[in-house]
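> Here's a structure for you.
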Amino acid sequence: MKREDLIPAEEICVRYKVERKFVRSLFDSGIIEVITIEKTEYIPQDSLTNFEKMIRLSRDLEINLEGLEAIHHLLGQIEKLQKDNRRLRNRLGLYE
């Protein structure tokens, strides 16, 4: 992963007005990825969409960490099922 694709965790905390504890808890739960380079933590740009989604759920709906973990898991399952559905539709299209 390129270094320019990484955003310092401190910058994320300031920009989104969240505590480092929140970022750490999302990382510990496996919801986002955090990369440490030379004692500085970074969040890959790929994880930013997921991070923003979790912030909105936490703030707007007041969902706790356990709820965020469950939502993250369910969203992953939905995405997997959608991919399977597309793959099966494509296969079915070959026979029609």
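In the structure tokens, chains take the letters A, B, ... in the order shown, each chain's residues start at 1, and ligands count up from 1 in the order shown.
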Run DSSP on the backbone and give me the residues of chain A it puts in strand (DSSP E), as a VMD selection string.

chain A and resid 6 to 8 35 to 37 40 to 44

> Taking 3 positions as the minimum chain separation for residues in the same chain, which residues sit within 8 Å of Val34 of chain A when counting only C-alpha atoms? Answer as a PyMOL selection string.

chain A and resi 27+41-44

> What separation in Å, quoted to one decimal, exists between atom CA of Thr36 of chain A and atom CA of Ala9 of chain A?

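Atom-to-atom, atom CA of Thr36 of chain A and atom CA of Ala9 of chain A are spaced 9.7 Å apart.
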
> Go through A:Ile7, A:Leu88, A:Cys13, A:Val18 one by one, measure the shortest atom-to-atom distance of each to Arg59 of chain A using only C-alpha atoms, and give the residue with the smallest value.

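When distances to Arg59 of chain A are compared using only C-alpha atoms, the smallest one comes from A:Val18.
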
> Report the distance between atom CA of Arg3 of chain A and atom CA of His73 of chain A in Å, rounded to one decimal place.

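Spanning atom CA of Arg3 of chain A to atom CA of His73 of chain A is a straight-line distance of 28.2 Å.
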
> Set the distance at 12 Å and use only C-alpha atoms: which residues neighbour Val23 of chain A once local chain neighbours fewer than 3 positions away are removed? I'd like the list as a ChimeraX atom specification.

/A:8-14,16-20,26-34,41-43,47-48,50-52,54-55,65

> Select from segment 4-92 of chain A everything DSSP, run on the backbone, classes as helix (DSSP H, G or I), then give the selection as a ChimeraX atom specification.

/A:4-5,9-16,20-28,45-60,65-92

> Report the distance between atom CA of Ile63 of chain A and atom CA of Thr40 of chain A in Å, rounded to one decimal place.

28.5 Å
